[in-house]
Amino acid sequence: MRLATLIVVGLHLLLLVAALPDSMVSVDSAFHTALARQYGEHGIYFWDTIHYAPAHRPNLQGPALHLAIGVLGRLLGGTGDDYVLANAILGVLCWLAAVGTAIFFARRFGGDRAGLLAAALLAGAGFVAGSFRVNIPSGWMFVVTPWAIHFFLERRLGLAIGCTALACYTHLGGFVTAPFGVLVAALLARRMRDLIVTGVGVALVTAPYWIHFLRSLAWYVGRKGDTAWMVDPLVDVLGLIGLVAVLREPRRNVFLVAWAAAPLLWAVQDPSRLVLQSPLVGAVLAGVVVARWLDRWQSAIARTVATAALVIVATVFPFGVPSLGGEILWLVRPYPRMLDWREMRTDADVVRRVEPRPPLVEGYASYVASGLAVWTDIEAEKGHWIEVRPPVDPADDLGVAAKLYVLAIPPGDALLADWARRGWLTVHGGGRWSSVVSFGERPTLMDADAAGGAVWARDAAWIAAGCERNVFGSPLALFNPAELSRRAAVRGECRSRMTRLQLATLLHAYALEPADAARARAARQAALVIGWMASLAGDESTLDFRSADAHARMREDMDTIARAAAAGEPIDEPVTGMLQRYLGAARGSIF
């Protein structure tokens with residue numbers, strides 16, 4: 001059993017190490033690596049000087065992982081590429097820590113067979129395994145939490161305090177995850193004195209963080225961004241079966257019950273994260289309960305065959321997205337590419353050369369500014385992690401020309417060339433599919449609306465007719481390079497055309513600013529929303545973020561807008577309605 005466990009873990013680990021030069025990441029990785037660079041260069045980073053400029057905001061992210069990436073990145077050389085590599089290395093270590101944790105506790109409560117099953121279920125499930133290998137803070141928090149509970153039950157209170165505090169310093173959600181798990185363990189084991197000692201110790205050790213958070217409470221809105229539900233059927237179903245089994249005897253299974261209960265409060269703030277990462281304990285529950293069941297079989301051969309069959313299914317096709325297939329295919333044709341580091345590095349080089357640089361950088365999607373900040377110092381409008389923001393954002397009142405834009409449209413696009421010839425835009429450069437632009441001469445409102453109306457008539461019509469929903473789709477598509485290339489082309493075209501609509505809205509706002517500041521402000525906000533629509537339409541980081549019904553309604557709205565624009569009719573109301581229905585944003589007049 002132990003050899004089989006090593007083979008299962010080693011196979012996945014070999015592929016992850018091979019992918020280090022171009023590792024799999026989350027869209028959140030740009031934000032975390034950007035903050036890590038600040039820790040690497042300055043040691044501390046209590047105030048986020050990158051996002052939500054010019055007001056900026058307190059940095060309320062747990063510092064532990066960012067500090068680790070920053071220190072390792074600095075040791076590797078201190079360039080943007082070094083911080084990206086440091087993040088990748090720690091991602092592999094996070095995956096290994098998660099799998100190792102599952103094996104340790106499954107073997108502890110169910111023996112070697114349980115350890116093998118837990119390893120196969122966790123490592124084989126594409127979404128949950130991926131959530132650990134991309135190195136996000138919540139991954140480390142989910143890994144550290146069971147150790148806090150374990151050391152508490154073992155009466156090693158110093159280590160329990162240390163692990164609980166580390167969970168808190170890793171992620172803000174650690175304050176309601178690891179302590180809750182320890183609380184459940186204390187109640188089931190009737191260890192209230194130890195609970196008080198541990199609670200006081202954790203409160204003292206984490207005081208710098210929670211005091212900083214309470215002092216900055218006015219900035220915290222707690223509103224999460226768009227996410228998609230990611231479900232791993234095999235480990236989820238078997239994990240639920242295991243949970244039901246241990247709940248029948250909670251005092252016999254104190255540790256497993258407490259671990260399973262620890263992340264329950266995530267159901268209030270971020271249920272999709274609960275579903276995504278709680279299969280870590282689910283794999284252990286499944287491994288322990290299935291192993292106990294198999295151990296009651298009289299035939300050793302039958303036990304071995306059944307174990308091998310389950311390991312093979314969990315590894316090759318776990319009734320969902322398989323990790324193994326994705327890890328192999330990533331080395332051949334990376335998909336889905338949540339974050340295009342090369343494109344961000346190219347754009348950052350362009351931004352660095354722009355002189356004089358406008359005070360703010362606006363990215364078409366929330367992660368773009370963070371991606372740039374991995375390589376160069378910028379101040380960005382809005383940006384990633386929308387839970388923390390200024391109560392009043394002065395960036396809303398800054399004009400169009402006060403910003404440098406990184407947009408999802410190739411530098412050679414015909415619209416950019418046309419408007420650059422008219423003097424309205426300067427195209428500073430860009431990468432394969434994105435451009436860095438700024439606005440120049442202000443057009444008249446008549447010229448801006450004529451040019452913008454033509455864009456809406458043409459590109460909204462194309463979106464209505466040809467923009468397909470941005471979904472992951474069947475896992476079988478991963479094995480068809482031609483289909484992946486087709487997706488990239490069609491969805492990239494839709495993203496570019498959405499960006500043309502964003503540019504048209506910005507041009508209208510620019511022309512409107514001298515005459516009607518309030519409507520110009522609303523138009524700038526609408527352009528920001530349309531930029532996010534471009535990401536939803538074409539980025540591989542936003543797969544399944546919108547339902548089929550929402551996408552179909554958006555295409556119907558685009559058709560209505562295109563027809564109105566082609567006829568020279570006002571498009572104020574249909575555009576406003578589209579944004580409200582698709583994103584719940586841009587309320588009020590935008591034109």
# chains A, B, ... in the order shown; residues from 1 in each chain; ligands from 1
>>> residues_around(residues="stretch 482-491 of chain A", least_positions_apart="4", cutoff="9 Å", atoms="only C-alpha atoms", output="count of residues only")
15
>>> residues_around(residues="A:Val351", least_positions_apart="2", cutoff="9 Å", atoms="only C-alpha atoms", output="list of chain:residue names")
A:Thr346, A:Asp347, A:Ala348, A:Asp349, A:Arg353, A:Val354, A:Glu355, A:Arg357, A:Val361, A:Leu372, A:Thr376, A:Ile378, A:Leu404, A:Val406, A:His428, A:Gly429, A:Gly430, A:Val436
>>> write_last_selection(atoms="C-alpha atoms", output="tab-separated table (two decimals), in the first residue's frame")
chain	number	residue	atom	x	y	z
A	346	THR	CA	5.14	42.60	-21.98
A	347	ASP	CA	2.50	45.14	-21.02
A	348	ALA	CA	4.44	46.04	-17.87
A	349	ASP	CA	7.50	46.79	-20.01
A	353	ARG	CA	8.43	53.19	-20.89
A	354	VAL	CA	5.44	55.56	-21.12
A	355	GLU	CA	6.49	59.12	-20.36
A	357	ARG	CA	2.91	58.32	-17.26
A	361	VAL	CA	-3.44	52.66	-14.71
A	372	LEU	CA	1.63	44.57	-14.12
A	376	THR	CA	6.80	47.46	-12.38
A	378	ILE	CA	2.09	51.32	-10.74
A	404	LEU	CA	-3.31	54.78	-18.86
A	406	VAL	CA	-4.35	48.23	-20.57
A	428	HIS	CA	2.06	52.78	-26.78
A	429	GLY	CA	2.44	49.08	-27.59
A	430	GLY	CA	1.35	45.79	-26.12
A	436	VAL	CA	-1.47	49.95	-23.66
>>> atom_distance(atom1="atom CA of A:Arg273", atom2="atom CA of A:Asp544")
15.0 Å
>>> select_by_dssp(residues="stretch 48-281 of chain A", states="helix (DSSP H, G or I)", output="NGL selection string")
:A and (63-76 or 80-124 or 126-133 or 137-153 or 157-170 or 172-176 or 178-189 or 192-205 or 207-215 or 217-219 or 233-247 or 254-269 or 271-277 or 279-281)
>>> atom_distance(atom1="atom CA of A:Gly577", atom2="atom CA of A:Arg500")
19.0 Å
>>> atom_distance(atom1="atom CA of A:Val244", atom2="atom CA of A:Phe152")
23.8 Å
>>> closest_residue(among="A:Asp82, A:Asp418, A:Asp572, A:Glu381", to="A:Leu398", atoms="only C-alpha atoms")
A:Glu381
>>> residues_around(residues="stretch 205-215 of chain A", least_positions_apart="3", cutoff="7 Å", atoms="only C-alpha atoms", output="number ranges by chain")
A: 60, 165, 201-202
>>> write_last_selection(atoms="N, CA and C atoms", output="short mmCIF file (atom, residue, chain, number, x, y, z; two decimals), in the first residue's frame")
data_model
loop_
_atom_site.label_atom_id
_atom_site.label_comp_id
_atom_site.auth_asym_id
_atom_site.auth_seq_id
_atom_site.Cartn_x
_atom_site.Cartn_y
_atom_site.Cartn_z
N LEU A 60 -5.21 44.23 4.08
CA LEU A 60 -5.80 43.34 5.08
C LEU A 60 -5.62 41.87 4.73
N ALA A 165 -2.63 30.21 14.78
CA ALA A 165 -2.20 31.57 14.43
C ALA A 165 -1.71 31.63 12.99
N GLY A 201 -3.81 32.36 23.83
CA GLY A 201 -2.53 32.36 23.12
C GLY A 201 -2.67 32.82 21.69
N VAL A 202 -3.70 32.34 20.99
CA VAL A 202 -3.92 32.75 19.61
C VAL A 202 -4.25 34.23 19.53
#
>>> closest_residue(among="A:Pro394, A:Gly124, A:Gly222, A:Gly158", to="A:Asp194", atoms="only C-alpha atoms")
A:Gly158
>>> residues_around(residues="A:Gly412", least_positions_apart="6", cutoff="10 Å", atoms="only C-alpha atoms", output="ChimeraX atom specification")
/A:427,429-430,432-435
>>> residues_around(residues="A:Gly62", least_positions_apart="3", cutoff="6 Å", atoms="only C-alpha atoms", output="MDAnalysis selection string")
chainID A and resid 169:172
>>> closest_residue(among="A:Ala114, A:Ala420, A:Ala567, A:Met578", to="A:His551", atoms="only C-alpha atoms")
A:Met578
>>> closest_residue(among="A:Met192, A:Ala123, A:Ala461, A:Cys168", to="A:His12", atoms="only C-alpha atoms")
A:Ala123
>>> residues_around(residues="stretch 140-149 of chain A", least_positions_apart="4", cutoff="8 Å", atoms="only C-alpha atoms", output="PyMOL selection string")
chain A and resi 94+97-98+101+132+135-136+153+159-164+166-168+170-171+174+177-178+181-182+185+255+258-259+262+277-278+280
>>> closest_residue(among="A:Trp297, A:Phe439, A:Tyr582, A:Phe127", to="A:Trp229", atoms="only C-alpha atoms")
A:Phe127
>>> residues_around(residues="A:Leu90", least_positions_apart="6", cutoff="9 Å", atoms="only C-alpha atoms", output="short mmCIF file (atom, residue, chain, number, x, y, z; two decimals) with N, CA and C atoms, in the first residue's frame")
data_model
loop_
_atom_site.label_atom_id
_atom_site.label_comp_id
_atom_site.auth_asym_id
_atom_site.auth_seq_id
_atom_site.Cartn_x
_atom_site.Cartn_y
_atom_site.Cartn_z
N LEU A 65 1.83 34.03 3.51
CA LEU A 65 2.22 33.50 2.21
C LEU A 65 2.93 34.55 1.38
N ALA A 68 6.43 34.78 2.44
CA ALA A 68 7.21 33.62 2.00
C ALA A 68 7.58 33.75 0.52
N ILE A 69 6.62 34.12 -0.33
CA ILE A 69 6.92 34.32 -1.75
C ILE A 69 7.94 35.43 -1.92
N ARG A 133 -2.41 23.49 -5.81
CA ARG A 133 -1.17 23.66 -6.58
C ARG A 133 -1.00 25.08 -7.12
N VAL A 134 -2.07 25.90 -7.15
CA VAL A 134 -1.91 27.26 -7.66
C VAL A 134 -1.47 28.23 -6.57
N ASN A 135 -1.34 27.74 -5.32
CA ASN A 135 -0.71 28.53 -4.25
C ASN A 135 -1.50 29.78 -3.90
#
>>> closest_atom_pairs(of="stretch 297-361 of chain A", to="stretch 3-7 of chain A", cutoff="12 Å", atoms="only C-alpha atoms", output="JSON lines")
{"residue": "A:Thr304", "atom": "CA", "partner": "A:Ala4", "partner_atom": "CA", "distance": 11.4}
{"residue": "A:Thr307", "atom": "CA", "partner": "A:Ala4", "partner_atom": "CA", "distance": 10.5}
{"residue": "A:Ala308", "atom": "CA", "partner": "A:Ala4", "partner_atom": "CA", "distance": 9.2}
{"residue": "A:Val311", "atom": "CA", "partner": "A:Ala4", "partner_atom": "CA", "distance": 9.4}
{"residue": "A:Ile312", "atom": "CA", "partner": "A:Ala4", "partner_atom": "CA", "distance": 11.0}
{"residue": "A:Thr315", "atom": "CA", "partner": "A:Ile7", "partner_atom": "CA", "distance": 11.4}
>>> write_last_selection(atoms="C-alpha atoms", output="PDB file, in the first residue's frame")
ATOM      1  CA  THR A 304      -6.801  -5.553  -3.241  1.00  0.00           C
ATOM      2  CA  THR A 307      -8.712  -0.828  -3.788  1.00  0.00           C
ATOM      3  CA  ALA A 308      -6.810  -0.854  -7.073  1.00  0.00           C
ATOM      4  CA  VAL A 311      -7.399   4.198  -7.149  1.00  0.00           C
ATOM      5  CA  ILE A 312      -7.393   3.839 -10.941  1.00  0.00           C
ATOM      6  CA  THR A 315      -6.636   8.901 -10.920  1.00  0.00           C
TER       7      THR A 315
END
